Structure formats: structure tokens, C-alpha cells
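A short worksheet on the structure shown next.
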Amino acid sequence: MPEPAPQPTEPSFDVLRWHDEPWTAQLALDLLPETNGPKVEVLSGSVIVTPHAGIDHQSVERELPYLLHRAARRAGLWVYPEINMICGKDLFIPDIAVLRTSGGGRSAVDIRQAVLLGEIVSPGNRRKDVIDRPREYAAAGVPFFLRVDLRNRVPTVALFELSDGEYRPVSAAAAGSVFAMTEPFAFSVDPADLLDEEAPEAADAES
């Protein structure tokens, strides 16, 4: 009879080598270490590890949640970037989460607390950000979905509202114009303000 695989005494990524049963959100939270590096999510029993996206993605993730949070607090809502979101046995880490209550003191939040979830589209994960993840959020009943697309470094922000089980477009704007929404709270921004101004070519030309 084979020896059982040794279990680490504290959370470790080594567990990915010996745990051969289906994963759940709670198992991942219990057995895997917290990390500021790659995203570690659970979908349909499998662990999905995603490295950080490009610098433009990080620029938007720095600016947009900050601006959204200031507006959301006036409506009694809370905004966080990249938090653990439990959806049944799955574990999602959306780029942006707007919650009904504060997530303070918790390591994860039930997806039913989400009023809006947002994704910043990355070239390597375009299908996930544009098709798969919105479909999963809609199935979980999240009322609003926000998408930021950075194609060709021309950011576009679009808001969708859940209707009859699917997200329907409500508002959208590209860089140089104003994106505005009234629900789930009032907010407006020029998408151009979310990116650091200089592209690599421009910075190289000045040096």
C-alpha cells in the first residue's frame, strides 16, 4: 500500500505536487500560501495560476479602484483590487470588486457580497476576461460587470448590467471621452487618465 503523501505543516505551493483530488476554494485558502505574486484561483476543481499582467494593466489596477472607492463610499459601498472571492467551490480573484460591506479582517468574501466585479482585459487572457469570467459572474448573480480593455493602449471602459441571466451593455467610453455611470453608484472618468502617459517608444526617444 503506497505511503500517503506528506502534508506540509504550513501553507506551501508544494501541496500542488501531491494533492490529486479536486480542489475547492476552501482547500486553496487553507493549503496554499498567501502571495503578492501570481493569482491563484480555483475553477471546476483545478488550480489556475496566472502571472502578473503587463505594466499597463497594473497602472489601471492602481488608478481605477482608488477612484472607484472614493465614489463608492458615498453610496455606502467598498471597492478592492484583487481580493479572494468564493463562489461555491470556485475561487475567483477579480481585478476589481465592489462590495456591499467592508472586507476588513477577512481573507476571502462570498461572491454574493459583490455588487460589481470588474476585469482588466489582458492580451494573454482575452477569452477569460471578455467571455468566460463575465459568464461565471452572471451565473452567480452579480448585478454589474465592468470591463476595461487596453487594446492598442487606447483604454475603453464599459459597464454591463445583469438582465435575464446575461450582462447587457449600459455605458461605454474610450480614451478622450467621459465614461459615466449612475448605478450601482455615480462615477465618471476619462479612460485616458487610467494609463501612465508614455508608451515605451516615447520614453526611449527622449532618453
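Chain labels run A, B, ... following the order of the C-alpha cells; each chain numbers its residues from 1, and ligands are numbered from 1 in the order shown.
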Determine, using only C-alpha atoms, which residues of region 75-134 of chain A have any atom at most 6 Å from an atom of region 29-50 of chain A, and tabulate each with its shortest atom pair and distance in Å to one decimal place, rows ordered by chain and then rising number, as a tab-separated table.
residue	atom	partner	partner_atom	distance
A:Asp90	CA	A:Val42	CA	5.0
A:Leu91	CA	A:Val42	CA	4.7
A:Phe92	CA	A:Glu41	CA	5.4
Write out, as a tab-separated table (two decimals), in the first residue's frame, the residues just selected, with C-alpha atoms.
chain	number	residue	atom	x	y	z
A	90	ASP	CA	-14.63	28.03	-7.03
A	91	LEU	CA	-12.20	30.77	-6.05
A	92	PHE	CA	-12.04	33.88	-8.23
Based on the backbone DSSP call, show me all residues of chain A assigned alpha helix (DSSP H), as an NGL selection string.
:A and (15-18 or 25-31 or 55-73 or 126-127 or 133-139 or 200-206)
Residues within 9 Å of Glu61 (chain A), please, as a ChimeraX atom specification. Count only C-alpha atoms; anything in the same chain fewer than 4 positions from it doesn't count.
/A:56-57,65-66,81-82,95-96,120,194
Extract, using only C-alpha atoms, all DNA, RNA and protein residues at most 8 Å from Glu161 (chain A), discarding same-chain residues fewer than 3 positions from it, and format them as number ranges by chain.
A: 143-145, 166-170
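When CA of Pro134 (chain A) is paired with CA of Glu197 (chain A), their separation reads 28.9 Å.
The smallest atom-to-atom distance between Gly104 (chain A) and any of A:Arg70, A:Ile83, A:Ser59, A:Asp129, using only C-alpha atoms, is found for A:Ile83.
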Contacts of Val178 (chain A) at 10 Å (only C-alpha atoms; same-chain gap of 5+ positions) as an mmCIF file with N, CA, C and O atoms, in the first residue's frame:
data_model
loop_
_atom_site.group_PDB
_atom_site.id
_atom_site.type_symbol
_atom_site.label_atom_id
_atom_site.label_comp_id
_atom_site.auth_asym_id
_atom_site.auth_seq_id
_atom_site.Cartn_x
_atom_site.Cartn_y
_atom_site.Cartn_z
ATOM 1 N N VAL A 157 -13.608 51.754 -21.248
ATOM 2 C CA VAL A 157 -14.310 51.267 -20.058
ATOM 3 C C VAL A 157 -15.768 51.022 -20.438
ATOM 4 O O VAL A 157 -16.406 51.873 -21.070
ATOM 5 N N ALA A 172 -20.442 52.973 -22.114
ATOM 6 C CA ALA A 172 -19.073 52.700 -22.565
ATOM 7 C C ALA A 172 -18.460 53.979 -23.104
ATOM 8 O O ALA A 172 -19.159 54.841 -23.637
ATOM 9 N N ALA A 173 -17.136 54.079 -22.941
ATOM 10 C CA ALA A 173 -16.422 55.239 -23.478
ATOM 11 C C ALA A 173 -14.958 54.881 -23.655
ATOM 12 O O ALA A 173 -14.403 54.079 -22.896
ATOM 13 N N SER A 188 -17.597 58.885 -12.800
ATOM 14 C CA SER A 188 -17.198 59.238 -14.162
ATOM 15 C C SER A 188 -15.685 59.364 -14.230
ATOM 16 O O SER A 188 -15.026 59.694 -13.229
ATOM 17 N N VAL A 189 -15.132 59.094 -15.415
ATOM 18 C CA VAL A 189 -13.693 59.172 -15.619
ATOM 19 C C VAL A 189 -13.416 59.206 -17.118
ATOM 20 O O VAL A 189 -14.170 58.619 -17.912
ATOM 21 N N ASP A 190 -12.356 59.887 -17.511
ATOM 22 C CA ASP A 190 -11.826 59.759 -18.866
ATOM 23 C C ASP A 190 -10.894 58.555 -18.845
ATOM 24 O O ASP A 190 -9.902 58.549 -18.109
ATOM 25 N N PRO A 191 -11.176 57.494 -19.594
ATOM 26 C CA PRO A 191 -10.326 56.306 -19.559
ATOM 27 C C PRO A 191 -8.854 56.591 -19.821
ATOM 28 O O PRO A 191 -7.981 55.848 -19.361
ATOM 29 N N ALA A 192 -8.557 57.685 -20.532
ATOM 30 C CA ALA A 192 -7.163 58.034 -20.798
ATOM 31 C C ALA A 192 -6.392 58.298 -19.510
ATOM 32 O O ALA A 192 -5.175 58.097 -19.447
#
So that I can check the secondary structure, give me every residue of chain A assigned strand (DSSP E or B) by backbone DSSP, as a PyMOL selection string.
chain A and resi 39-43+46-50+78-81+85-87+90-92+96-99+109-110+114-121+144-149+156-163+166-174+179-181+187-189
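Near Glu183 (chain A), within 12 Å and counting only C-alpha atoms, sit Ala71, Ala72, Ala75, Leu77, Val98, Val115, Leu116, Pro143, Phe144, Phe145, Leu146, Leu159, Phe160, Glu161, Leu162, Val170, Ser171, Ala180, Ala186, Phe187 and Ser188 of chain A, not including residues fewer than 3 positions from it in the same chain.
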I need the chosen residues saved as a PDB file, in the first residue's frame, with N, CA and C atoms.
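After the write, part.pdb holds the following:
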ATOM      1  N   ALA A  71     -15.716  57.207  -4.896  1.00  0.00           N
ATOM      2  CA  ALA A  71     -17.113  57.422  -5.291  1.00  0.00           C
ATOM      3  C   ALA A  71     -18.046  56.429  -4.596  1.00  0.00           C
ATOM      4  N   ALA A  72     -17.612  55.181  -4.461  1.00  0.00           N
ATOM      5  CA  ALA A  72     -18.462  54.144  -3.876  1.00  0.00           C
ATOM      6  C   ALA A  72     -18.751  54.391  -2.406  1.00  0.00           C
ATOM      7  N   ALA A  75     -21.838  56.058  -1.505  1.00  0.00           N
ATOM      8  CA  ALA A  75     -23.042  55.234  -1.631  1.00  0.00           C
ATOM      9  C   ALA A  75     -23.048  54.089  -0.620  1.00  0.00           C
ATOM     10  N   LEU A  77     -20.699  51.763  -0.260  1.00  0.00           N
ATOM     11  CA  LEU A  77     -20.099  50.561  -0.831  1.00  0.00           C
ATOM     12  C   LEU A  77     -18.590  50.603  -0.671  1.00  0.00           C
ATOM     13  N   VAL A  98     -16.548  45.465  -6.047  1.00  0.00           N
ATOM     14  CA  VAL A  98     -17.340  46.430  -5.276  1.00  0.00           C
ATOM     15  C   VAL A  98     -18.259  45.617  -4.372  1.00  0.00           C
ATOM     16  N   VAL A 115     -21.482  43.690  -5.534  1.00  0.00           N
ATOM     17  CA  VAL A 115     -22.435  44.474  -6.324  1.00  0.00           C
ATOM     18  C   VAL A 115     -21.935  44.589  -7.765  1.00  0.00           C
ATOM     19  N   LEU A 116     -20.626  44.685  -7.905  1.00  0.00           N
ATOM     20  CA  LEU A 116     -19.991  44.831  -9.219  1.00  0.00           C
ATOM     21  C   LEU A 116     -18.638  44.136  -9.176  1.00  0.00           C
ATOM     22  N   PRO A 143     -24.777  41.754  -9.863  1.00  0.00           N
ATOM     23  CA  PRO A 143     -25.621  42.691 -10.626  1.00  0.00           C
ATOM     24  C   PRO A 143     -24.924  43.455 -11.746  1.00  0.00           C
ATOM     25  N   PHE A 144     -23.637  43.812 -11.556  1.00  0.00           N
ATOM     26  CA  PHE A 144     -22.955  44.625 -12.563  1.00  0.00           C
ATOM     27  C   PHE A 144     -21.576  44.048 -12.874  1.00  0.00           C
ATOM     28  N   PHE A 145     -21.152  44.252 -14.124  1.00  0.00           N
ATOM     29  CA  PHE A 145     -19.811  43.848 -14.564  1.00  0.00           C
ATOM     30  C   PHE A 145     -19.161  45.022 -15.269  1.00  0.00           C
ATOM     31  N   LEU A 146     -17.899  45.293 -14.919  1.00  0.00           N
ATOM     32  CA  LEU A 146     -17.136  46.387 -15.525  1.00  0.00           C
ATOM     33  C   LEU A 146     -15.945  45.803 -16.272  1.00  0.00           C
ATOM     34  N   LEU A 159     -19.574  49.327 -18.905  1.00  0.00           N
ATOM     35  CA  LEU A 159     -20.373  48.798 -17.795  1.00  0.00           C
ATOM     36  C   LEU A 159     -21.520  47.972 -18.351  1.00  0.00           C
ATOM     37  N   PHE A 160     -21.770  46.822 -17.697  1.00  0.00           N
ATOM     38  CA  PHE A 160     -22.853  45.928 -18.088  1.00  0.00           C
ATOM     39  C   PHE A 160     -23.725  45.645 -16.865  1.00  0.00           C
ATOM     40  N   GLU A 161     -25.020  45.493 -17.102  1.00  0.00           N
ATOM     41  CA  GLU A 161     -25.957  45.189 -16.010  1.00  0.00           C
ATOM     42  C   GLU A 161     -26.606  43.837 -16.265  1.00  0.00           C
ATOM     43  N   LEU A 162     -26.775  43.066 -15.198  1.00  0.00           N
ATOM     44  CA  LEU A 162     -27.369  41.734 -15.315  1.00  0.00           C
ATOM     45  C   LEU A 162     -28.863  41.851 -15.607  1.00  0.00           C
ATOM     46  N   VAL A 170     -24.577  48.970 -20.674  1.00  0.00           N
ATOM     47  CA  VAL A 170     -25.238  50.154 -20.120  1.00  0.00           C
ATOM     48  C   VAL A 170     -24.528  51.425 -20.560  1.00  0.00           C
ATOM     49  N   SER A 171     -23.194  51.417 -20.456  1.00  0.00           N
ATOM     50  CA  SER A 171     -22.425  52.619 -20.768  1.00  0.00           C
ATOM     51  C   SER A 171     -21.029  52.217 -21.197  1.00  0.00           C
ATOM     52  N   ALA A 180     -19.299  57.458 -17.926  1.00  0.00           N
ATOM     53  CA  ALA A 180     -20.137  57.838 -16.788  1.00  0.00           C
ATOM     54  C   ALA A 180     -21.146  56.748 -16.491  1.00  0.00           C
ATOM     55  N   ALA A 186     -22.785  56.678  -8.584  1.00  0.00           N
ATOM     56  CA  ALA A 186     -22.383  57.678  -9.582  1.00  0.00           C
ATOM     57  C   ALA A 186     -20.862  57.732  -9.687  1.00  0.00           C
ATOM     58  N   PHE A 187     -20.384  57.683 -10.932  1.00  0.00           N
ATOM     59  CA  PHE A 187     -18.934  57.707 -11.156  1.00  0.00           C
ATOM     60  C   PHE A 187     -18.677  58.113 -12.594  1.00  0.00           C
ATOM     61  N   SER A 188     -17.597  58.885 -12.800  1.00  0.00           N
ATOM     62  CA  SER A 188     -17.198  59.238 -14.162  1.00  0.00           C
ATOM     63  C   SER A 188     -15.685  59.364 -14.230  1.00  0.00           C
TER      64      SER A 188
END
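The interatomic distance for the pair CA of Arg100 (chain A) and CA of Leu117 (chain A) works out to 11.9 Å.
Computed from the coordinates, the CA of Asp193 (chain A) to CA of Ser122 (chain A) distance equals 18.3 Å.
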